[in-house]
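Here the structure is laid out as structure tokens; the discussion comes afterwards.
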2 protein chains.
Amino acid sequence: MIPTSLDWCRAQDAADPLAHCRDRFDLPESTIYLDGNSLGPLPRGVAERLAHVVASEWRTDLIKSWNTAGWVDLPRRIGARIAPMIGAKPHEVVMADSTSVNLFKVAAAACRLNPGRTEIISEPGNFPTDLYMMQGLTDFLGPDYVLKTVPRGEIMDALGPNTAAVLLTHVHYVTADMYDMQAVTDLAHKAGAMMIWDLSHSAGAVPVDLNGANADFAVGCGYKYLNGGPGAPAFLYVAERHLEVARQPLSGWFGHKAPFDFVDDFTPAADIRRMLVGTPPVLGASALDAALDAFTGVDMETIRRKSVALGDLFIALSRERLARFGLECVTPENPRVRGSHVSLRCDNGYAVMQALIDRGVIGDFRAPDHMRFGFTPLYLGFEDIYRAVEILEDILARETWRDARYQTRGAVT
Amino acid sequence: MIPTSLDWCRAQDAADPLAHCRDRFDLPESTIYLDGNSLGPLPRGVAERLAHVVASEWRTDLIKSWNTAGWVDLPRRIGARIAPMIGAKPHEVVMADSTSVNLFKVAAAACRLNPGRTEIISEPGNFPTDLYMMQGLTDFLGPDYVLKTVPRGEIMDALGPNTAAVLLTHVHYVTADMYDMQAVTDLAHKAGAMMIWDLSHSAGAVPVDLNGANADFAVGCGYKYLNGGPGAPAFLYVAERHLEVARQPLSGWFGHKAPFDFVDDFTPAADIRRMLVGTPPVLGASALDAALDAFTGVDMETIRRKSVALGDLFIALSRERLARFGLECVTPENPRVRGSHVSLRCDNGYAVMQALIDRGVIGDFRAPDHMRFGFTPLYLGFEDIYRAVEILEDILARETWRDARYQTRGAVT
């Protein structure tokens, strides 16, 4: 049994080796933020960095900054900083575009490395953009190509001589189910398929070992656990063995081996830069770069240990205090197959979440009826989790979520 | 003969209806900035807007800002603000991704609207990313597809029953040669081809009438004459008649008709949003949005009139004072076919430009031997142009560009 008393929570906080990291974030007052899996909060230093980029690099130095401030190298520099968090070599990762655009690039490259095979396998209920981008890609590649979605238990049987690539999200965006990266990658390779991992709900939250698993490609998000700010640039990974041969169709000038020679014919860079497309988004990239400072001196194993403990506590408290209202945990209790968030199925979940947010506990809602709670060890403590469940219990007990103002949905839920 | 005296320049500045707009920019001291065609300078209000987005929208309101701060609508809102500057309806333009990524989307959509035709026509020496993206696209579409580059004088002859689309840059990035948009679009349409315009060196600098010319698609850059900041998000245009049928392969979740329903199958939005891909880059988008305030109350005709006058003055001064050093104007003197910058061919142009920048006159260099000077009427005056040529003449006369420190090239030229 996991202890769930307030005293126990306070003792955990007092002994927490990551407690000092909370000061690395500029968190809003009277808020327990359980949505770092959707949008990371503001790390300290980001506002100052952006102000500097605007006032000095842009305003004063203008175009010189492409060289003097290293704007042109931001994609690789940031990639190299993310690399150790995902078990990659610095030159295998680059910051670029959005997760969606990167999915297209790596999946197209994977298919090209597997000519003659025309099937991409993923799972139903994967994050929508993963499926949508693969639908767009296969549709575009022609009638031979197909996206096949199979439930996770049946992937092994679905793999075959026509499988070009397998695309899976390492930690599921609703259930937080976490794949065994090594085992699944091995299966894909045994079938001769390329393995692509979407790390959007993993990077910065759970240890990932792309090199250890021998993964071929990966993509991930800059604005969730990496705290890069709303719509931050994303990243992608190409295994070293593919770096000089991977070809992606979005062959823009920043992917050229010599962009400033301004020649007519495209020759890809001989390194990870061939995955770049257009001019890098300097403002967003600078914010992400500064945000990564929040991870300085912290290893992923320590983060993981606390993340698991916070999740265990939340699940135990939910069982004790919320189950009687019909809330059901859809996230695995076993931490070996669980990411860094927990989802509760809840009737009227949308209104309940609005009422909860109104009380200063911020999680989010995913259709049709899931409330999601993210556990981000750098700035959350055990007492935060205790208080969050206490407030949620109160809302359910008193049914304050029935208030009319909690029923109206915004464009973004 | 165009007057070129200092007195005449000062008189022009005194009577300039756009003189007050200079205060809308936070320009560096002792600098004459002639590179707004590469990176627009910092408009006032942008730093404040970014600080607000970070401190209030991101830090305090967090995920609520998707609705309350309208983050989700930034792409359309900014598109609608750019629309009147390029002769488009508000719902025909959207901010998205980079110019390069947008080129891929619109060209793919154009090819799909012209099934059976497998040729894209452009011109040699077009901006490299335009050619590179079309090489990537045609290569990806299969062996039938081809990018054919023909010199501008021969485009009419090259058009044929296999031409799916014509992609041209309205104002050439080196020579500033400006196409007659109406005439070329008519030619393309007569041949049954889709017409795509790249407005990167036009938007915000020369009047553009996409609707008047009946253009099918267009793309453009946010960080040049629109002053959105380094690597600002780009924009794209889809003619109203194609809005519900254009299909592009980068079908990400923000292009879905209901992104927050989180369903497995992609159904494109019934409007310009189908051209969106991933999560919008809120920081860069907000900077661009604030930057567009610099155009408040100014019409493109007034901007154009002054831009032509500044360019005329520069060309006349160059002839008078620089020709004897062998500098040659590669930009048309006729303003009807000239954009808003002027390029001078110059031996040792790279070193000369470095020496010029060192004296506070900022233009840029494009391989192999072109010095570019951009004329941006909102913040430049006639005396600025006079002084710039005076300093350039001094550098050439005294050969100060021979100094060793002006010879070393950075990664970005």
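Lettering and numbering for the structure tokens are positional, with chains as A, B, ... in the shown order, residues counted from 1 in each chain, and ligands counted from 1 in the shown order.
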
Q: Residues of chain A near chain B: apply a cut-off of 7 Å, count only C-alpha atoms, and supply the list as a PyMOL selection string.
A: chain A and resi 26-28+39+41-42+47+51+54+58-60+62-63+66-67+98-101+124-125+128-129+131-133+136-137+140-141+230-232+249-253+260-266+277-284+367+410-413

Need the shell around Ala388 in chain A: protein/DNA/RNA residues with any atom at most 9 Å away, counting only C-alpha atoms. Skip same-chain ones fewer than 3 positions apart. Format as a PDB file with C-alpha atoms, in the first residue's frame?
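Listed below is the output, around-v1.pdb:
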ATOM      1  CA  ILE A  32      -1.374  23.576  -8.788  1.00  0.00           C
ATOM      2  CA  LEU A  34      -1.003  19.483 -13.538  1.00  0.00           C
ATOM      3  CA  PHE A 314      -2.269  10.294  -7.319  1.00  0.00           C
ATOM      4  CA  LEU A 356     -11.332  22.198 -10.875  1.00  0.00           C
ATOM      5  CA  GLY A 360      -6.705  26.617  -9.108  1.00  0.00           C
ATOM      6  CA  VAL A 361      -5.963  23.009 -10.007  1.00  0.00           C
ATOM      7  CA  ILE A 362      -5.153  22.885 -13.687  1.00  0.00           C
ATOM      8  CA  GLU A 383       1.530  17.957  -1.089  1.00  0.00           C
ATOM      9  CA  ASP A 384       0.433  19.515  -4.394  1.00  0.00           C
ATOM     10  CA  ILE A 385      -0.935  16.135  -5.456  1.00  0.00           C
ATOM     11  CA  ILE A 391     -10.183  19.794  -4.088  1.00  0.00           C
ATOM     12  CA  LEU A 392     -11.397  17.424  -6.797  1.00  0.00           C
ATOM     13  CA  GLU A 393     -13.134  15.337  -4.135  1.00  0.00           C
TER      14      GLU A 393
END

Q) What does the distance from CA of Asp7 in chain A to CA of Phe373 in chain A come to in Å, to one decimal? A)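 So the answer is 22.3 Å.
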
Q: Identify, with DSSP run on backbone atoms, the residues in range 322-399 of chain A assigned to strand (DSSP E), and express the list as an MDAnalysis selection string.
A: chainID A and resid 328:329 341:345 361:362 364:366 370:374

(Q) Quick check for you: according to DSSP on this backbone, which residues of range 179-329 of chain B are classed as alpha helix (DSSP H)? Reply as a PyMOL selection string. (A) chain B and resi 181-190+210-213+282-291+300-321

Q | Point-to-point distance in Å for CA of Leu276 in chain A and CA of Ala351 in chain B | A |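 Atom-to-atom, CA of Ala351 in chain B and CA of Leu276 in chain A are spaced 29.4 Å apart.
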
Q. Do you have the CA of Asn114 in chain A-CA of Asp186 in chain A distance handy?
A.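 Taking CA of Asn114 in chain A as the start and CA of Asp186 in chain A as the end point, the length is 16.5 Å.
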
Q) Which neighbours of range 376-378 of chain B fall inside 6 Å, counting only C-alpha atoms, when residues of the same chain fewer than 3 positions from it are skipped, and could you give them as a count of residues only? A) 5

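Nearest to Ala218 in chain A of all the residues A:Ala107, A:Ala309, A:Met1, A:Ile155 is A:Ala107, counting only C-alpha atoms.
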
Q: With a distance cut-off of 12 Å and only C-alpha atoms, select the neighbouring residues of Lys190 in chain A, excluding the residue or stretch itself and same-chain residues fewer than 3 positions from it, and output the selection as a ChimeraX atom specification.
A: /A:156,159-161,163,165-166,183-187,193-195

Pull N, CA and C atoms from the residues just selected and write them as a PDB file, in the first residue's frame.
ATOM      1  N   MET A 156       2.501  -7.114 -33.453  1.00  0.00           N
ATOM      2  CA  MET A 156       3.443  -8.157 -33.841  1.00  0.00           C
ATOM      3  C   MET A 156       2.887  -8.971 -35.009  1.00  0.00           C
ATOM      4  N   LEU A 159       2.863  -7.001 -38.487  1.00  0.00           N
ATOM      5  CA  LEU A 159       4.130  -6.733 -39.185  1.00  0.00           C
ATOM      6  C   LEU A 159       4.361  -7.768 -40.271  1.00  0.00           C
ATOM      7  N   GLY A 160       4.849  -7.328 -41.417  1.00  0.00           N
ATOM      8  CA  GLY A 160       5.067  -8.290 -42.483  1.00  0.00           C
ATOM      9  C   GLY A 160       6.035  -7.763 -43.516  1.00  0.00           C
ATOM     10  N   PRO A 161       6.204  -8.514 -44.591  1.00  0.00           N
ATOM     11  CA  PRO A 161       7.202  -8.153 -45.616  1.00  0.00           C
ATOM     12  C   PRO A 161       6.861  -6.865 -46.362  1.00  0.00           C
ATOM     13  N   THR A 163       5.744  -4.127 -44.617  1.00  0.00           N
ATOM     14  CA  THR A 163       5.773  -3.033 -43.646  1.00  0.00           C
ATOM     15  C   THR A 163       7.021  -2.181 -43.848  1.00  0.00           C
ATOM     16  N   ALA A 165       7.386   0.958 -42.326  1.00  0.00           N
ATOM     17  CA  ALA A 165       7.712   1.652 -41.081  1.00  0.00           C
ATOM     18  C   ALA A 165       6.609   1.448 -40.054  1.00  0.00           C
ATOM     19  N   VAL A 166       7.013   1.485 -38.799  1.00  0.00           N
ATOM     20  CA  VAL A 166       6.065   1.466 -37.688  1.00  0.00           C
ATOM     21  C   VAL A 166       6.202   2.809 -36.978  1.00  0.00           C
ATOM     22  N   ALA A 183      11.733  -3.550 -27.009  1.00  0.00           N
ATOM     23  CA  ALA A 183      11.035  -4.745 -27.509  1.00  0.00           C
ATOM     24  C   ALA A 183      10.305  -4.450 -28.818  1.00  0.00           C
ATOM     25  N   VAL A 184       9.625  -3.325 -28.882  1.00  0.00           N
ATOM     26  CA  VAL A 184       8.859  -3.010 -30.091  1.00  0.00           C
ATOM     27  C   VAL A 184       9.793  -2.706 -31.262  1.00  0.00           C
ATOM     28  N   THR A 185      10.860  -1.984 -30.967  1.00  0.00           N
ATOM     29  CA  THR A 185      11.830  -1.688 -32.037  1.00  0.00           C
ATOM     30  C   THR A 185      12.436  -2.986 -32.578  1.00  0.00           C
ATOM     31  N   ASP A 186      12.742  -3.896 -31.678  1.00  0.00           N
ATOM     32  CA  ASP A 186      13.275  -5.201 -32.113  1.00  0.00           C
ATOM     33  C   ASP A 186      12.297  -5.923 -33.031  1.00  0.00           C
ATOM     34  N   LEU A 187      11.027  -5.912 -32.652  1.00  0.00           N
ATOM     35  CA  LEU A 187       9.996  -6.557 -33.473  1.00  0.00           C
ATOM     36  C   LEU A 187       9.940  -5.947 -34.868  1.00  0.00           C
ATOM     37  N   ALA A 193      11.238  -3.587 -40.882  1.00  0.00           N
ATOM     38  CA  ALA A 193      10.600  -2.260 -40.918  1.00  0.00           C
ATOM     39  C   ALA A 193      11.434  -1.228 -40.166  1.00  0.00           C
ATOM     40  N   MET A 194      11.283   0.020 -40.566  1.00  0.00           N
ATOM     41  CA  MET A 194      11.888   1.128 -39.832  1.00  0.00           C
ATOM     42  C   MET A 194      11.015   1.459 -38.625  1.00  0.00           C
ATOM     43  N   MET A 195      11.660   1.834 -37.531  1.00  0.00           N
ATOM     44  CA  MET A 195      10.895   2.166 -36.324  1.00  0.00           C
ATOM     45  C   MET A 195      10.983   3.665 -36.044  1.00  0.00           C
TER      46      MET A 195
END

Q) Of the candidates A:Ala80, A:Val93, A:Gly349, A:Glu333, which shows the shortest atom-to-atom distance to Val238 in chain A, using only C-alpha atoms? A) A:Val93

Q.
For Gly381 in chain A, find every residue with an atom within 8 Å (counting only C-alpha atoms), except residues of its own chain fewer than 5 positions away, and show them as a ChimeraX atom specification.
A. /A:13,19,310

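Take the candidates A:Gly79, A:Glu399, A:Leu317, A:Arg10 and check each one against Arg273 in chain A using only C-alpha atoms; the shortest distance goes to A:Gly79.
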
Q: Find the residues around Asp299 in chain B up to 12 Å (only C-alpha atoms counted), leave out those fewer than 2 positions away in its own chain, and share them as number ranges by chain.
A: B: 17-18, 84-87, 204-208, 294-297, 301-306, 377-378
